[in-house]
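Data block below; observations after.
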Amino acid sequence: MATTENVFAALYARYCAYRASTISEEIAECDEMLVRGAEGALEHYMGSGRSAIDVILAAMLTAGKDACPTVLDLPCGAGRVTRHLRPFFPESDLFVSDLLKDHEQFVIEHIRGAQPFSAPLNFRGTPERAFAWFIKALAPDGLLILTTHGRCQEYLERVRHHHVSPDLWEEACRSRDSTGFGFASYGTDRPMYGLSLMVPSWIIRLVEQEPTTRIISFGETLWNRHHDVLVLQKRSALSPWVA
């Protein structure tokens, strides 16, 4: 088993190599994550990917992993994070998937070695269905880094952004308050896309029912100063004490 010192040294070398690499700034025309015309838009876009690498680096250090042979970016969008994953994991098999196939295709065509992955077209039904799929997809000792919307998202939607209609947002908040999870679509033209809200205790309870998985960490607003981040590992929380 690798020592903490060895893991730290390997991750430090990996991060230094990533920071020394050139990250493509070619953005797909269809990519709505770049707010074109806004001051500092490209810097914010690229910073989102760097923030994701910071989250991944911390997760790997905490879990004692210095490599990930296979990496899946889901949903990959048009590569806002994927373009950073490639230089951070140059040796890994990199898979991508998104409901918007023009976004996915841009990633496949423009990011070296990115391969399409056949994920479910949707996760209709209860939110737990998606969570169970991600857990099942993990390799032994693999990491799941799941970003969610929490208290920060509620504040930003009420005070600054207004991405969805106030009525739909209030309904999502009421659902969050009563069940722990809420969702509001962007509109009737994109009913499967929108904003979710969840409380930490709701998603932690899901993990508590998974004997194959242990909680590595949970933190609010860790990705891009906006999204909460839950890190899980496909390893029993009881190991190595239970054979």
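Going by the structure tokens order, chains are called A, B, ..., each with residues numbered from 1, while ligands are numbered from 1 in the order shown.
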Q: Considering only C-alpha atoms, return as a list in words whatever protein or nucleic-acid residues lie within 12 Å of Leu42 of chain A, sequence-local ones (same chain, fewer than 3 positions apart) excluded.
A: Ser24, Glu25, Glu26, Ile27, Asp31, Glu32, Met33, Leu34, Val35, Arg36, Gly37, Ala38, Glu39, Tyr45, Met46, Gly47, Ser48, Gly49 and Arg80 of chain A
(Q) Could you list, as an NGL selection string, every residue within 9 Å of Arg235 of chain A, counting only C-alpha atoms and ignoring same-chain residues fewer than 6 positions away? (A) :A and (140-142 or 211-214)
How would the residues just chosen look if you wrote them out with C-alpha atoms as an mmCIF file, in the first residue's frame?
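Listed below is the output, result_34.cif:
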```
data_model
loop_
_atom_site.group_PDB
_atom_site.id
_atom_site.type_symbol
_atom_site.label_atom_id
_atom_site.label_comp_id
_atom_site.auth_asym_id
_atom_site.auth_seq_id
_atom_site.Cartn_x
_atom_site.Cartn_y
_atom_site.Cartn_z
ATOM 1 C CA PRO A 140 -13.257 -0.912 -6.714
ATOM 2 C CA ASP A 141 -11.610 1.928 -4.763
ATOM 3 C CA GLY A 142 -12.855 4.344 -7.436
ATOM 4 C CA PRO A 211 -22.645 -0.726 2.299
ATOM 5 C CA THR A 212 -20.142 -0.741 -0.571
ATOM 6 C CA THR A 213 -19.334 2.955 -0.339
ATOM 7 C CA ARG A 214 -17.637 5.244 2.147
#
```
Q | Shortest interatomic distance to Met198 of chain A - which of A:Arg129, A:Lys65, A:His149, A:Lys101, counting only C-alpha atoms | A | A:His149
(Q) Can you pull out the residues contacting Ser118 of chain A? Cut-off 12 Å, using only C-alpha atoms, and skip same-chain residues under 4 positions away; I want them as an NGL selection string. (A) :A and (72-75 or 95-99 or 101 or 104 or 122 or 137)
**Q.** Two-atom distance - atom CA of Ser217 of chain A, atom CA of Thr179 of chain A (Å)
**A.** 22.7 Å
Q. Which is closest to Ile108 of chain A among A:Thr70, A:Thr126, A:Thr82, A:Ser92, if we use only C-alpha atoms?
A.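 Nearest candidate to Ile108 of chain A out of A:Thr70, A:Thr126, A:Thr82, A:Ser92: A:Thr82.
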**Q.** Filtered DSSP result for segment 14-236 of chain A, state strand (DSSP E), as a VMD selection string
**A.** chain A and resid 70 to 73 93 to 96 114 to 116 143 to 148 181 to 185 194 to 198 214 to 223 227 to 233
Please produce a file of the residues just selected, as a compact mmCIF listing (two decimals), in the first residue's frame, where the atoms kept are C-alpha atoms.
```
# COMPACT_ATOMS: atom_id res chain seq x y z
CA THR A 70 -10.35 5.44 -16.07
CA VAL A 71 -12.07 8.82 -15.86
CA LEU A 72 -15.69 9.63 -16.75
CA ASP A 73 -16.90 13.23 -17.12
CA ASP A 93 -8.76 6.43 -20.48
CA LEU A 94 -11.07 9.46 -20.67
CA PHE A 95 -14.78 8.98 -21.33
CA VAL A 96 -17.42 11.68 -21.80
CA ALA A 114 -11.89 11.62 -25.29
CA GLN A 115 -14.21 8.68 -25.98
CA PRO A 116 -18.02 8.61 -25.99
CA LEU A 143 -13.90 7.89 -6.58
CA LEU A 144 -17.20 9.61 -7.26
CA ILE A 145 -17.00 13.39 -7.14
CA LEU A 146 -20.56 14.65 -7.18
CA THR A 147 -21.41 18.36 -7.30
CA THR A 148 -24.75 19.58 -5.97
CA PHE A 181 -34.56 17.59 -2.73
CA GLY A 182 -36.11 20.02 -5.22
CA PHE A 183 -35.88 20.70 -8.95
CA ALA A 184 -36.99 23.54 -11.24
CA SER A 185 -36.73 23.30 -15.03
CA GLY A 194 -32.86 23.14 -14.81
CA LEU A 195 -31.62 23.72 -11.30
CA SER A 196 -31.73 21.32 -8.39
CA LEU A 197 -31.57 21.98 -4.68
CA MET A 198 -30.71 19.54 -1.91
CA ARG A 214 -17.64 5.24 2.15
CA ILE A 215 -17.84 9.02 2.51
CA ILE A 216 -14.53 10.77 1.88
CA SER A 217 -15.67 14.36 2.31
CA PHE A 218 -18.47 16.88 1.89
CA GLY A 219 -17.99 20.62 1.56
CA GLU A 220 -20.16 23.55 0.63
CA THR A 221 -19.24 25.83 -2.31
CA LEU A 222 -16.00 23.96 -2.99
CA TRP A 223 -16.30 23.90 -6.77
CA HIS A 227 -21.35 24.04 -6.00
CA ASP A 228 -21.26 21.78 -2.99
CA VAL A 229 -19.03 18.73 -3.42
CA LEU A 230 -19.55 15.18 -2.13
CA VAL A 231 -16.67 12.72 -2.54
CA LEU A 232 -17.34 8.99 -2.21
CA GLN A 233 -15.14 5.92 -2.62
```
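Restricting the calculation to only C-alpha atoms, the smallest distance between Ala67 of chain A and any of A:Ala10, A:Phe123, A:Ile53, A:Arg19 is found for A:Ala10.
Interatomic distance, atom CA of Asp66 of chain A against atom CA of Val7 of chain A: 5.4 Å.
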